[in-house]
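Chemist: This is input-v3.json (JSON, C-alpha atoms).
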[["chain", "number", "residue", "atom", "x", "y", "z"],
["W", 1, "MET", "CA", 0.00, 0.00, 0.00],
["W", 2, "LYS", "CA", 1.94, 2.91, -1.34],
["W", 3, "ASN", "CA", -0.28, 5.94, -1.07],
["W", 4, "THR", "CA", -2.73, 7.43, 1.35],
["W", 5, "ARG", "CA", -5.71, 6.88, -0.92],
["W", 6, "SER", "CA", -5.25, 3.11, -1.07],
["W", 7, "ILE", "CA", -4.75, 2.91, 2.70],
["W", 8, "THR", "CA", -7.85, 5.03, 3.37],
["W", 9, "SER", "CA", -9.94, 3.07, 0.89],
["W", 10, "GLY", "CA", -8.64, -0.19, 2.36],
["W", 11, "ALA", "CA", -9.64, 0.91, 5.86],
["W", 12, "MET", "CA", -13.11, 1.86, 4.62],
["W", 13, "THR", "CA", -13.38, -1.50, 2.85],
["W", 14, "VAL", "CA", -12.50, -3.36, 6.05],
["W", 15, "ALA", "CA", -14.98, -1.25, 8.03],
["W", 16, "LEU", "CA", -17.77, -1.79, 5.49],
["W", 17, "THR", "CA", -17.10, -5.51, 5.46],
["W", 18, "GLY", "CA", -17.26, -5.48, 9.25],
["W", 19, "ILE", "CA", -20.67, -3.81, 9.10],
["W", 20, "ILE", "CA", -21.92, -6.38, 6.58],
["W", 21, "LEU", "CA", -20.52, -9.18, 8.77],
["W", 22, "PHE", "CA", -22.33, -7.72, 11.78],
["W", 23, "LEU", "CA", -25.59, -7.43, 9.80],
["W", 24, "ASP", "CA", -25.10, -10.99, 8.56],
["W", 25, "ARG", "CA", -24.84, -12.32, 12.11],
["W", 26, "ILE", "CA", -27.89, -10.34, 13.23],
["W", 27, "THR", "CA", -30.03, -11.55, 10.31],
["W", 28, "VAL", "CA", -28.72, -15.15, 10.48],
["W", 29, "GLY", "CA", -27.02, -15.24, 7.10],
["W", 30, "LEU", "CA", -29.14, -12.87, 5.01],
["W", 31, "PHE", "CA", -26.14, -10.77, 3.95],
["W", 32, "MET", "CA", -23.68, -13.65, 3.57],
["W", 33, "SER", "CA", -23.46, -13.30, -0.22],
["W", 34, "PHE", "CA", -22.45, -9.67, 0.04],
["W", 35, "LEU", "CA", -19.34, -10.18, 2.19],
["W", 36, "GLY", "CA", -16.91, -10.27, -0.74],
["W", 37, "ILE", "CA", -18.37, -7.30, -2.62],
["W", 38, "PRO", "CA", -16.51, -4.49, -0.79],
["W", 39, "LEU", "CA", -13.24, -6.29, -1.53],
["W", 40, "MET", "CA", -14.25, -6.67, -5.19],
["W", 41, "VAL", "CA", -14.93, -2.95, -5.44],
["W", 42, "TYR", "CA", -11.66, -2.09, -3.71],
["W", 43, "GLY", "CA", -9.70, -4.40, -6.00],
["W", 44, "TYR", "CA", -11.23, -2.89, -9.10],
["W", 45, "PHE", "CA", -9.68, 0.49, -8.28],
["W", 46, "PHE", "CA", -6.42, -0.79, -6.76],
["W", 47, "THR", "CA", -3.95, -3.60, -7.42],
["W", 48, "PHE", "CA", -4.25, -7.27, -6.59],
["W", 49, "ASN", "CA", -1.33, -7.07, -4.14],
["W", 50, "GLU", "CA", -2.98, -4.23, -2.23],
["W", 51, "SER", "CA", -6.21, -6.25, -2.21],
["W", 52, "ILE", "CA", -4.41, -9.18, -0.56],
["W", 53, "ILE", "CA", -3.46, -6.91, 2.35],
["W", 54, "VAL", "CA", -7.09, -5.77, 2.69],
["W", 55, "TYR", "CA", -8.23, -9.42, 2.47],
["W", 56, "ILE", "CA", -5.94, -10.42, 5.33],
["W", 57, "SER", "CA", -7.25, -7.47, 7.35],
["W", 58, "ILE", "CA", -10.84, -8.55, 6.69],
["W", 59, "VAL", "CA", -10.14, -12.10, 7.83],
["W", 60, "LEU", "CA", -8.41, -10.81, 10.98],
["W", 61, "LEU", "CA", -11.41, -8.55, 11.60],
["W", 62, "SER", "CA", -13.72, -11.56, 11.44],
["W", 63, "VAL", "CA", -11.50, -13.34, 13.98],
["W", 64, "ILE", "CA", -11.67, -10.34, 16.29],
["W", 65, "VAL", "CA", -15.39, -9.61, 15.86],
["W", 66, "SER", "CA", -16.72, -13.15, 15.84],
["W", 67, "GLY", "CA", -14.06, -15.53, 17.04],
["W", 68, "MET", "CA", -16.10, -18.47, 15.76],
["W", 69, "LEU", "CA", -14.39, -20.77, 13.26],
["W", 70, "PRO", "CA", -17.37, -21.08, 10.87],
["W", 71, "THR", "CA", -17.66, -17.30, 10.60],
["W", 72, "VAL", "CA", -13.95, -16.94, 9.94],
["W", 73, "VAL", "CA", -14.12, -19.69, 7.29],
["W", 74, "MET", "CA", -17.12, -17.98, 5.70],
["W", 75, "MET", "CA", -15.36, -14.61, 5.63],
["W", 76, "ALA", "CA", -12.16, -16.13, 4.28],
["W", 77, "GLY", "CA", -14.13, -17.98, 1.61],
["W", 78, "TYR", "CA", -16.16, -15.04, 0.37],
["W", 79, "GLY", "CA", -13.02, -12.92, 0.49],
["W", 80, "LEU", "CA", -11.35, -15.47, -1.78],
["W", 81, "VAL", "CA", -14.26, -15.13, -4.19],
["W", 82, "GLY", "CA", -13.64, -11.37, -4.20],
["W", 83, "LEU", "CA", -9.92, -11.93, -4.74],
["W", 84, "SER", "CA", -10.64, -14.27, -7.65],
["W", 85, "PHE", "CA", -12.74, -11.50, -9.24],
["W", 86, "ILE", "CA", -9.90, -9.01, -8.75],
["W", 87, "TRP", "CA", -7.31, -11.41, -10.16],
["W", 88, "ALA", "CA", -9.43, -12.18, -13.22],
["W", 89, "LYS", "CA", -10.11, -8.50, -13.88],
["W", 90, "GLU", "CA", -6.41, -7.65, -13.50],
["W", 91, "LYS", "CA", -5.49, -10.42, -15.97],
["W", 92, "GLY", "CA", -8.08, -9.06, -18.42],
["W", 93, "LEU", "CA", -10.07, -12.29, -18.64],
["W", 94, "SER", "CA", -13.37, -12.35, -20.48],
["W", 95, "THR", "CA", -16.63, -12.39, -18.54],
["W", 96, "LYS", "CA", -17.09, -16.11, -19.18],
["W", 97, "LYS", "CA", -13.61, -16.92, -17.84],
["W", 98, "LEU", "CA", -14.06, -14.52, -14.93],
["W", 99, "LEU", "CA", -17.30, -16.26, -13.93],
["W", 100, "THR", "CA", -15.59, -19.63, -14.31],
["W", 101, "VAL", "CA", -12.78, -18.60, -11.97],
["W", 102, "MET", "CA", -15.23, -17.14, -9.46],
["W", 103, "GLY", "CA", -17.41, -20.25, -9.79],
["W", 104, "ILE", "CA", -14.51, -22.59, -9.06],
["W", 105, "VAL", "CA", -13.54, -20.63, -5.96],
["W", 106, "LEU", "CA", -17.16, -20.32, -4.78],
["W", 107, "GLY", "CA", -17.66, -24.05, -5.40],
["W", 108, "PHE", "CA", -14.65, -24.82, -3.21],
["W", 109, "VAL", "CA", -16.05, -22.51, -0.52],
["W", 110, "TYR", "CA", -19.46, -24.21, -0.76],
["W", 111, "ILE", "CA", -17.91, -27.66, -0.40],
["W", 112, "ILE", "CA", -16.12, -26.60, 2.78],
["W", 113, "MET", "CA", -19.14, -24.78, 4.18],
["W", 114, "VAL", "CA", -21.63, -27.58, 3.48],
["W", 115, "LEU", "CA", -19.49, -30.58, 4.36],
["W", 116, "PHE", "CA", -17.88, -29.25, 7.52],
["W", 117, "PHE", "CA", -20.15, -26.44, 8.74],
["W", 118, "GLY", "CA", -23.51, -27.30, 7.16],
["W", 119, "GLU", "CA", -25.64, -27.02, 10.29],
["W", 120, "TYR", "CA", -24.07, -23.68, 11.16],
["W", 121, "PHE", "CA", -24.89, -22.20, 7.74],
["W", 122, "GLY", "CA", -28.33, -23.73, 7.59],
["W", 123, "PHE", "CA", -27.79, -26.13, 4.72],
["W", 124, "SER", "CA", -26.71, -29.70, 5.15],
["W", 125, "ILE", "CA", -27.52, -32.49, 2.74],
["W", 126, "GLY", "CA", -29.19, -34.56, 5.47],
["W", 127, "VAL", "CA", -31.51, -31.73, 6.48],
["W", 128, "ALA", "CA", -32.26, -30.89, 2.85],
["W", 129, "THR", "CA", -33.04, -34.53, 2.10],
["W", 130, "GLU", "CA", -35.47, -34.69, 5.00],
["W", 131, "ALA", "CA", -37.08, -31.40, 3.94],
["W", 132, "VAL", "CA", -37.61, -32.67, 0.38],
["W", 133, "ARG", "CA", -38.94, -35.99, 1.66],
["W", 134, "SER", "CA", -41.41, -34.32, 4.05],
["W", 135, "PHE", "CA", -42.48, -31.86, 1.33],
["W", 136, "LEU", "CA", -43.24, -34.74, -1.02],
["W", 137, "GLU", "CA", -45.10, -36.62, 1.72],
["W", 138, "THR", "CA", -47.49, -33.68, 2.14],
["W", 139, "PHE", "CA", -48.65, -34.43, -1.40],
["W", 140, "GLY", "CA", -48.93, -38.14, -0.64],
["W", 141, "ILE", "CA", -45.78, -39.06, -2.56],
["W", 142, "ASN", "CA", -43.63, -41.62, -0.80],
["W", 143, "ALA", "CA", -40.24, -40.96, -2.41],
["W", 144, "THR", "CA", -37.37, -43.25, -1.59],
["W", 145, "TRP", "CA", -35.24, -42.66, -4.66],
["W", 146, "GLY", "CA", -34.04, -39.37, -6.07],
["W", 147, "VAL", "CA", -34.46, -37.38, -2.87],
["W", 148, "ASP", "CA", -30.69, -37.03, -2.40],
["W", 149, "LEU", "CA", -30.39, -35.94, -6.02],
["W", 150, "VAL", "CA", -33.00, -33.23, -5.47],
["W", 151, "ALA", "CA", -31.14, -32.04, -2.37],
["W", 152, "TYR", "CA", -27.89, -31.78, -4.32],
["W", 153, "LEU", "CA", -29.73, -30.08, -7.17],
["W", 154, "LEU", "CA", -31.12, -27.50, -4.72],
["W", 155, "LEU", "CA", -27.61, -26.88, -3.42],
["W", 156, "PHE", "CA", -26.31, -26.46, -6.97],
["W", 157, "VAL", "CA", -29.08, -24.00, -7.88],
["W", 158, "THR", "CA", -28.33, -22.03, -4.71],
["W", 159, "TYR", "CA", -24.66, -21.97, -5.68],
["W", 160, "LEU", "CA", -25.46, -20.66, -9.18],
["W", 161, "MET", "CA", -27.82, -18.00, -7.85],
["W", 162, "GLU", "CA", -25.27, -16.83, -5.33],
["W", 163, "LEU", "CA", -22.56, -16.64, -8.00],
["W", 164, "PHE", "CA", -24.91, -14.53, -10.12],
["W", 165, "VAL", "CA", -25.81, -12.23, -7.21],
["W", 166, "ILE", "CA", -22.18, -11.69, -6.19],
["W", 167, "TYR", "CA", -21.07, -10.96, -9.75],
["W", 168, "MET", "CA", -23.98, -8.68, -10.64],
["W", 169, "CYS", "CA", -23.95, -6.70, -7.39],
["W", 170, "GLY", "CA", -20.21, -6.21, -7.61],
["W", 171, "ASN", "CA", -20.44, -5.04, -11.22],
["W", 172, "LEU", "CA", -23.37, -2.72, -10.52],
["W", 173, "ILE", "CA", -21.55, -1.02, -7.67],
["W", 174, "ILE", "CA", -18.32, -0.77, -9.68],
["W", 175, "ASN", "CA", -20.15, 0.74, -12.67],
["W", 176, "MET", "CA", -21.93, 3.28, -10.49],
["W", 177, "LEU", "CA", -18.70, 4.27, -8.76],
["W", 178, "SER", "CA", -16.84, 4.46, -12.08],
["W", 179, "LYS", "CA", -19.46, 6.83, -13.52],
["W", 180, "HIS", "CA", -19.36, 8.93, -10.36],
["W", 181, "LYS", "CA", -15.56, 9.05, -10.46],
["W", 182, "LYS", "CA", -15.53, 10.27, -14.09],
["W", 183, "SER", "CA", -17.92, 13.15, -13.50]]
Rewrite the structure of this file - the entire thing - as structure tokens.
Modeler:
Amino acid sequence: MKNTRSITSGAMTVALTGIILFLDRITVGLFMSFLGIPLMVYGYFFTFNESIIVYISIVLLSVIVSGMLPTVVMMAGYGLVGLSFIWAKEKGLSTKKLLTVMGIVLGFVYIIMVLFFGEYFGFSIGVATEAVRSFLETFGINATWGVDLVAYLLLFVTYLMELFVIYMCGNLIINMLSKHKKS
């Protein structure tokens, strides 16, 4: 971090991420998808190396604020999604390749969050399987096959929607700030 502007913007990014993290804990995961967006916006205007410093600060903030391992893993994961966006933008990758890179990183984060911390984040395959089974039983359908497949399909659709939301929100904010910066 060479100049005052990047340090100031980095501090504001860390503070904004802390506010989103606090709101996420209050609303039990409603703002979880938005945790990487401040880092994405910061990285669009500054370098990848400066973004790594802000990323480390954000993860340390989550350790200080929460102290719970699942929250730290969640913050580190969504921060990595933001870093993947920054890296892809800095390399000049096309939108399709950028989404692929972000999707791979988000998929890795999802695997960790669902397999190891599923109950904490409100989505485990066992609970989803039971929910699908009980939903089908309300219609008188006794399903013994395909219920696990539906649970995994629901997880995959959630993953795709979250990837879309993160990418679109980040781009909308960046475009609005870029227009404001030019005028």
Chemist: Against segment 116-126 of chain W, which residues of segment 14-82 of chain W fall within 9 Å? For each one I want the closest pair of atoms and the distance in Å (one decimal), counting all atoms listed in the file, rows by chain and increasing residue number, as JSON lines.
Modeler:
{"residue": "W:Val28", "atom": "CA", "partner": "W:Phe121", "partner_atom": "CA", "distance": 8.5}
{"residue": "W:Gly29", "atom": "CA", "partner": "W:Phe121", "partner_atom": "CA", "distance": 7.3}
{"residue": "W:Pro70", "atom": "CA", "partner": "W:Phe117", "partner_atom": "CA", "distance": 6.4}
Chemist: May I have the residues within 10 Å of Tyr110 of chain W as a PyMOL selection string, using all atoms listed in the file and disregarding those fewer than 3 positions away in the same chain?
Modeler: chain W and resi 74+77-78+104-107+113-118+155-156+158-159
Chemist: If I take atom CA of Lys97 of chain W and atom CA of Leu153 of chain W, how far is one from the other in Å, to one decimal?
Modeler: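 Atom CA of Lys97 of chain W sits 23.4 Å away from atom CA of Leu153 of chain W.
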Chemist: Between W:Thr95, W:Thr100, W:Ser33, W:Thr17, single out the one closest to Leu60 of chain W, counting only C-alpha atoms.
Modeler: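 Using only C-alpha atoms, Leu60 of chain W sits closest to W:Thr17.
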Chemist: Expressed in Å to a single decimal, how great is the separation between atom CA of Glu137 of chain W and atom CA of Val157 of chain W?
Modeler: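 For atom CA of Glu137 of chain W relative to atom CA of Val157 of chain W, the distance reads 22.5 Å.
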